[in-house]
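Right, one structure below, let's go through it.
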Amino acid sequence: MVTRGFTGRGSGDQSDRIPPGQHLVEDFPVLSAGPTPRVEPSDWKFTVKIGPKPVKTWNWGEFNTLPKTQVTKDIHCVTSWSKLDTVWEGVLIEDILADAELDRPTDFVLAHCYDNYSTNVPLTDLLSGKAMVALSYAGKPLSRDHGGPARLLVPHLYFWKSAKWVNALQFTTRDEAGFWELHGYHIYGDPWREQRYTHD
């Protein structure tokens with residue numbers, strides 16, 4: 001297995017890995033905006049769109065033929081917990097775009113999900129190994145509670161940006177707010193700058 005993109009920080013003093021206002025947890029809390037959808041891999045589809053126009057759609061089997069990357073990364077929830085050295089495997093966003101024969105259609109992306117959740121992310125925060133569509137966690141298929149069969153993973157931003165049950169990336173011409181952003185959360189969500197809410 002060749003790991004590209006992400007790197008861990010290693011062991012030792014962990015204080016410089018915990019953003020302001022966060023506390024370390026050993027478990028993996030489950031938080032969702034609504035009920036957990038039941039999405040079977042046989043029914044799952046993933047689409048890349050430019051505006052309303054679909055560019056390419058993959059089913060589960062097709063998506064799993066794309067290059068896989070394993071990553072180890074710290075994650076930080078806006079509710080103040082942080083978990084270190086989490087291990088994921090999935091498809092980097094640049095590998096998805098390469099398979100769809102896309103480069104940089106626009107500068108902004110909305111991620112859409114099976115529970116009608118959405119969240120916005122600048123494209124630069126999804127490329128250069130910064131983000132993936134994750135298919136497994138800790139060596140096992142992603143559980144439903146944690147977004148299975150697939151979730152967006154953008155670990156350098158607060159974890160609400162790592163949208164669970166993801167089924168589409170939509171390129172947009174402006175930074176359009178998603179579900180929590182419309183309900184008072186920060187448009188960007190950098191944990192190191194404590195960008196939790198709109199005016200942070």
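Each chain of the structure tokens is named A, B, ... in the order shown, its residues numbered from 1; ligands are numbered from 1 in display order.
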
Any idea what's packed within 7 Å of Asp107 of chain A, counting only C-alpha atoms, ignoring anything in its chain fewer than 6 positions away? Could you give it as a ChimeraX atom specification?
/A:122-123,173

Could you save the residues just selected, with C-alpha atoms, as a PDB file, in the first residue's frame?
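The resulting result_33.pdb:
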ATOM      1  CA  PRO A 122     -13.428  25.800  -1.231  1.00  0.00           C
ATOM      2  CA  LEU A 123     -11.911  23.561  -3.890  1.00  0.00           C
ATOM      3  CA  THR A 173     -19.420  29.704  -8.921  1.00  0.00           C
TER       4      THR A 173
END

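Within the 6 Å cut-off around segment 59-74 of chain A, using only C-alpha atoms and omitting residues fewer than 4 positions from it on the same chain, the listed residues are Thr3, Phe6, Gly8, Pro41, Trp44, Lys45, Lys83, Leu84, Asp85, Thr86, Val87, Trp88, Glu89, Gly90 and Val91 of chain A.
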
So that I can check the surroundings of segment 180-189 of chain A, please list as a ChimeraX atom specification every protein, DNA and RNA residue that reaches within 9 Å of it, counting only C-alpha atoms and ignoring chain neighbours fewer than 3 positions away.
/A:33,78,117-122,157-161,175-177,192-200

Store the residues of this selection in a file with N, CA and C atoms, as a tab-separated table (two decimals), in the first residue's frame.
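Below is the file that was written, selection06.tsv:
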chain	number	residue	atom	x	y	z
A	33	ALA	N	-27.24	15.54	11.94
A	33	ALA	CA	-28.27	16.58	11.85
A	33	ALA	C	-29.68	15.98	11.89
A	78	VAL	N	-16.74	20.53	16.05
A	78	VAL	CA	-17.12	21.86	16.53
A	78	VAL	C	-17.70	21.80	17.95
A	117	TYR	N	-28.45	16.58	3.66
A	117	TYR	CA	-27.46	17.48	4.25
A	117	TYR	C	-26.54	18.00	3.15
A	118	SER	N	-26.00	19.18	3.35
A	118	SER	CA	-25.00	19.72	2.44
A	118	SER	C	-24.01	20.56	3.23
A	119	THR	N	-22.82	20.71	2.69
A	119	THR	CA	-21.83	21.61	3.29
A	119	THR	C	-20.92	22.13	2.19
A	120	ASN	N	-20.44	23.35	2.36
A	120	ASN	CA	-19.61	24.00	1.35
A	120	ASN	C	-18.13	23.93	1.73
A	121	VAL	N	-17.27	23.80	0.72
A	121	VAL	CA	-15.82	23.76	0.92
A	121	VAL	C	-15.15	24.39	-0.29
A	122	PRO	N	-14.21	25.31	-0.09
A	122	PRO	CA	-13.43	25.80	-1.23
A	122	PRO	C	-12.67	24.65	-1.88
A	157	LEU	N	-10.46	20.85	8.66
A	157	LEU	CA	-11.56	21.73	9.04
A	157	LEU	C	-12.42	21.04	10.10
A	158	TYR	N	-13.26	21.81	10.80
A	158	TYR	CA	-14.17	21.19	11.77
A	158	TYR	C	-14.93	20.07	11.09
A	159	PHE	N	-15.28	19.05	11.88
A	159	PHE	CA	-15.72	17.79	11.30
A	159	PHE	C	-17.10	17.85	10.66
A	160	TRP	N	-17.88	18.93	10.88
A	160	TRP	CA	-19.15	19.01	10.17
A	160	TRP	C	-18.93	19.17	8.66
A	161	LYS	N	-17.73	19.60	8.27
A	161	LYS	CA	-17.40	19.69	6.85
A	161	LYS	C	-17.16	18.32	6.22
A	175	ASP	N	-19.32	30.76	-3.09
A	175	ASP	CA	-19.25	29.95	-1.87
A	175	ASP	C	-20.65	29.87	-1.25
A	176	GLU	N	-21.45	28.89	-1.67
A	176	GLU	CA	-22.83	28.76	-1.22
A	176	GLU	C	-22.89	28.02	0.11
A	177	ALA	N	-23.56	28.60	1.08
A	177	ALA	CA	-23.67	27.98	2.40
A	177	ALA	C	-24.44	26.68	2.34
A	192	TRP	N	-8.27	25.75	14.20
A	192	TRP	CA	-7.15	26.46	14.82
A	192	TRP	C	-7.45	27.94	15.00
A	193	ARG	N	-8.43	28.46	14.28
A	193	ARG	CA	-8.87	29.85	14.45
A	193	ARG	C	-10.21	29.92	15.18
A	194	GLU	N	-10.69	28.77	15.68
A	194	GLU	CA	-11.97	28.66	16.39
A	194	GLU	C	-13.12	29.28	15.60
A	195	GLN	N	-13.18	28.96	14.34
A	195	GLN	CA	-14.25	29.47	13.47
A	195	GLN	C	-15.48	28.56	13.57
A	196	ARG	N	-16.13	28.66	14.74
A	196	ARG	CA	-17.28	27.80	15.00
A	196	ARG	C	-18.57	28.40	14.44
A	197	TYR	N	-18.76	29.69	14.69
A	197	TYR	CA	-20.02	30.32	14.34
A	197	TYR	C	-19.80	31.50	13.41
A	198	THR	N	-20.86	32.03	12.86
A	198	THR	CA	-20.80	33.00	11.76
A	198	THR	C	-19.81	34.12	11.98
A	199	HIS	N	-19.77	34.71	13.18
A	199	HIS	CA	-18.96	35.90	13.40
A	199	HIS	C	-17.63	35.60	14.10
A	200	ASP	N	-17.27	34.32	14.20
A	200	ASP	CA	-15.98	33.98	14.84
A	200	ASP	C	-14.81	34.35	13.92

I'd like the neighbourhood of Val30 of chain A as an MDAnalysis selection string, where a residue qualifies if any of its atoms comes within 10 Å (using only C-alpha atoms), though same-chain residues fewer than 2 positions away should be ignored.
chainID A and resid 27:28 32 145:147

Pull the helix (DSSP H, G or I) assignments for chain A out of DSSP run on the backbone, and list those residues as a ChimeraX atom specification.
/A:15-17,60-63,93-99,123-125,144-146,159-161,179-182,191-193

Let me see the file: selected residues, N, CA and C atoms, as an mmCIF file, in the first residue's frame.
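For reference, selection-v7.cif as written:
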data_model
loop_
_atom_site.group_PDB
_atom_site.id
_atom_site.type_symbol
_atom_site.label_atom_id
_atom_site.label_comp_id
_atom_site.auth_asym_id
_atom_site.auth_seq_id
_atom_site.Cartn_x
_atom_site.Cartn_y
_atom_site.Cartn_z
ATOM 1 N N SER A 15 0.062 18.238 22.924
ATOM 2 C CA SER A 15 -0.562 19.526 23.195
ATOM 3 C C SER A 15 -0.632 20.410 21.954
ATOM 4 N N ASP A 16 0.360 20.302 21.061
ATOM 5 C CA ASP A 16 0.354 21.140 19.863
ATOM 6 C C ASP A 16 -0.566 20.585 18.786
ATOM 7 N N ARG A 17 -1.242 19.476 19.075
ATOM 8 C CA ARG A 17 -2.173 18.876 18.120
ATOM 9 C C ARG A 17 -3.633 19.122 18.490
ATOM 10 N N TRP A 60 -21.273 1.772 -6.787
ATOM 11 C CA TRP A 60 -20.333 1.339 -5.755
ATOM 12 C C TRP A 60 -19.155 0.558 -6.356
ATOM 13 N N GLY A 61 -19.446 -0.359 -7.246
ATOM 14 C CA GLY A 61 -18.374 -1.141 -7.845
ATOM 15 C C GLY A 61 -17.429 -0.291 -8.656
ATOM 16 N N GLU A 62 -17.961 0.617 -9.441
ATOM 17 C CA GLU A 62 -17.122 1.490 -10.259
ATOM 18 C C GLU A 62 -16.266 2.403 -9.397
ATOM 19 N N PHE A 63 -16.859 2.942 -8.338
ATOM 20 C CA PHE A 63 -16.109 3.855 -7.470
ATOM 21 C C PHE A 63 -14.954 3.124 -6.789
ATOM 22 N N ILE A 93 -9.853 13.332 -3.586
ATOM 23 C CA ILE A 93 -10.718 14.127 -4.467
ATOM 24 C C ILE A 93 -10.067 14.336 -5.827
ATOM 25 N N GLU A 94 -8.742 14.531 -5.882
ATOM 26 C CA GLU A 94 -8.115 14.721 -7.186
ATOM 27 C C GLU A 94 -8.192 13.463 -8.047
ATOM 28 N N ASP A 95 -8.235 12.284 -7.428
ATOM 29 C CA ASP A 95 -8.383 11.059 -8.206
ATOM 30 C C ASP A 95 -9.805 10.922 -8.751
ATOM 31 N N ILE A 96 -10.782 11.400 -7.990
ATOM 32 C CA ILE A 96 -12.163 11.424 -8.486
ATOM 33 C C ILE A 96 -12.270 12.361 -9.682
ATOM 34 N N LEU A 97 -11.707 13.563 -9.547
ATOM 35 C CA LEU A 97 -11.791 14.538 -10.629
ATOM 36 C C LEU A 97 -11.033 14.066 -11.872
ATOM 37 N N ALA A 98 -9.901 13.403 -11.657
ATOM 38 C CA ALA A 98 -9.145 12.892 -12.807
ATOM 39 C C ALA A 98 -9.965 11.858 -13.567
ATOM 40 N N ASP A 99 -10.672 10.998 -12.850
ATOM 41 C CA ASP A 99 -11.485 9.986 -13.518
ATOM 42 C C ASP A 99 -12.659 10.619 -14.261
ATOM 43 N N LEU A 123 -12.569 24.658 -3.193
ATOM 44 C CA LEU A 123 -11.911 23.561 -3.890
ATOM 45 C C LEU A 123 -10.467 23.383 -3.435
ATOM 46 N N THR A 124 -9.769 24.469 -3.134
ATOM 47 C CA THR A 124 -8.372 24.347 -2.698
ATOM 48 C C THR A 124 -8.244 23.519 -1.426
ATOM 49 N N ASP A 125 -9.313 23.444 -0.628
ATOM 50 C CA ASP A 125 -9.285 22.653 0.605
ATOM 51 C C ASP A 125 -9.607 21.184 0.366
ATOM 52 N N ARG A 144 -22.626 2.750 9.324
ATOM 53 C CA ARG A 144 -23.697 3.691 9.002
ATOM 54 C C ARG A 144 -23.650 4.906 9.914
ATOM 55 N N ASP A 145 -23.436 4.702 11.218
ATOM 56 C CA ASP A 145 -23.435 5.816 12.163
ATOM 57 C C ASP A 145 -22.351 6.836 11.854
ATOM 58 N N HIS A 146 -21.273 6.388 11.245
ATOM 59 C CA HIS A 146 -20.168 7.292 10.913
ATOM 60 C C HIS A 146 -20.141 7.664 9.437
ATOM 61 N N PHE A 159 -15.275 19.054 11.882
ATOM 62 C CA PHE A 159 -15.718 17.794 11.303
ATOM 63 C C PHE A 159 -17.100 17.849 10.660
ATOM 64 N N TRP A 160 -17.877 18.932 10.876
ATOM 65 C CA TRP A 160 -19.151 19.010 10.168
ATOM 66 C C TRP A 160 -18.928 19.166 8.656
ATOM 67 N N LYS A 161 -17.730 19.601 8.273
ATOM 68 C CA LYS A 161 -17.401 19.695 6.848
ATOM 69 C C LYS A 161 -17.159 18.317 6.220
ATOM 70 N N PHE A 179 -25.994 23.250 4.968
ATOM 71 C CA PHE A 179 -26.995 23.120 6.036
ATOM 72 C C PHE A 179 -26.596 23.869 7.305
ATOM 73 N N TRP A 180 -25.468 23.492 7.928
ATOM 74 C CA TRP A 180 -25.101 24.139 9.195
ATOM 75 C C TRP A 180 -24.654 25.575 8.979
ATOM 76 N N GLU A 181 -24.075 25.868 7.835
ATOM 77 C CA GLU A 181 -23.663 27.255 7.554
ATOM 78 C C GLU A 181 -24.886 28.176 7.493
ATOM 79 N N LEU A 182 -26.005 27.671 6.988
ATOM 80 C CA LEU A 182 -27.251 28.448 6.973
ATOM 81 C C LEU A 182 -27.875 28.567 8.357
ATOM 82 N N PRO A 191 -10.529 24.928 12.741
ATOM 83 C CA PRO A 191 -10.478 24.716 14.189
ATOM 84 C C PRO A 191 -9.362 25.473 14.886
ATOM 85 N N TRP A 192 -8.274 25.755 14.203
ATOM 86 C CA TRP A 192 -7.149 26.460 14.824
ATOM 87 C C TRP A 192 -7.446 27.943 15.003
ATOM 88 N N ARG A 193 -8.432 28.455 14.278
ATOM 89 C CA ARG A 193 -8.866 29.849 14.450
ATOM 90 C C ARG A 193 -10.210 29.918 15.180
#

Do you know which residues are at most 9 Å from Pro105 of chain A counting only C-alpha atoms, after dropping those on the same chain fewer than 6 positions away, and could you put them as a JSON list (two decimals) with all heavy atoms, in the first residue's frame?
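Result written to selection-v6.json:
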[["chain", "number", "residue", "atom", "x", "y", "z"],
["A", 50, "ILE", "N", -21.32, 20.05, -12.34],
["A", 50, "ILE", "CA", -20.97, 21.47, -12.48],
["A", 50, "ILE", "C", -22.28, 22.22, -12.51],
["A", 50, "ILE", "O", -23.07, 22.09, -13.46],
["A", 50, "ILE", "CB", -20.15, 21.73, -13.75],
["A", 50, "ILE", "CG1", -18.84, 20.93, -13.70],
["A", 50, "ILE", "CG2", -19.85, 23.22, -13.89],
["A", 50, "ILE", "CD1", -18.00, 21.07, -14.97],
["A", 171, "PHE", "N", -19.87, 21.55, -8.20],
["A", 171, "PHE", "CA", -19.06, 22.75, -8.38],
["A", 171, "PHE", "C", -19.98, 23.97, -8.51],
["A", 171, "PHE", "O", -20.95, 23.94, -9.28],
["A", 171, "PHE", "CB", -18.18, 22.62, -9.60],
["A", 171, "PHE", "CG", -16.99, 21.73, -9.38],
["A", 171, "PHE", "CD1", -17.07, 20.37, -9.64],
["A", 171, "PHE", "CD2", -15.82, 22.24, -8.87],
["A", 171, "PHE", "CE1", -15.98, 19.55, -9.41],
["A", 171, "PHE", "CE2", -14.72, 21.43, -8.64],
["A", 171, "PHE", "CZ", -14.81, 20.08, -8.91],
["A", 172, "THR", "N", -19.67, 25.03, -7.77],
["A", 172, "THR", "CA", -20.48, 26.24, -7.76],
["A", 172, "THR", "C", -19.60, 27.45, -8.03],
["A", 172, "THR", "O", -18.40, 27.44, -7.75],
["A", 172, "THR", "CB", -21.20, 26.42, -6.42],
["A", 172, "THR", "OG1", -20.22, 26.50, -5.36],
["A", 172, "THR", "CG2", -22.14, 25.26, -6.14],
["A", 173, "THR", "N", -20.19, 28.51, -8.57],
["A", 173, "THR", "CA", -19.42, 29.70, -8.92],
["A", 173, "THR", "C", -19.19, 30.62, -7.73],
["A", 173, "THR", "O", -18.37, 31.53, -7.80],
["A", 173, "THR", "CB", -20.13, 30.50, -10.03],
["A", 173, "THR", "OG1", -21.46, 30.81, -9.61],
["A", 173, "THR", "CG2", -20.18, 29.67, -11.31]]

Near Lys164 of chain A, within 8 Å and counting only C-alpha atoms, which residues show up once chain neighbours fewer than 3 positions away are dropped, as a PyMOL selection string?
chain A and resi 113+146-148+150-152
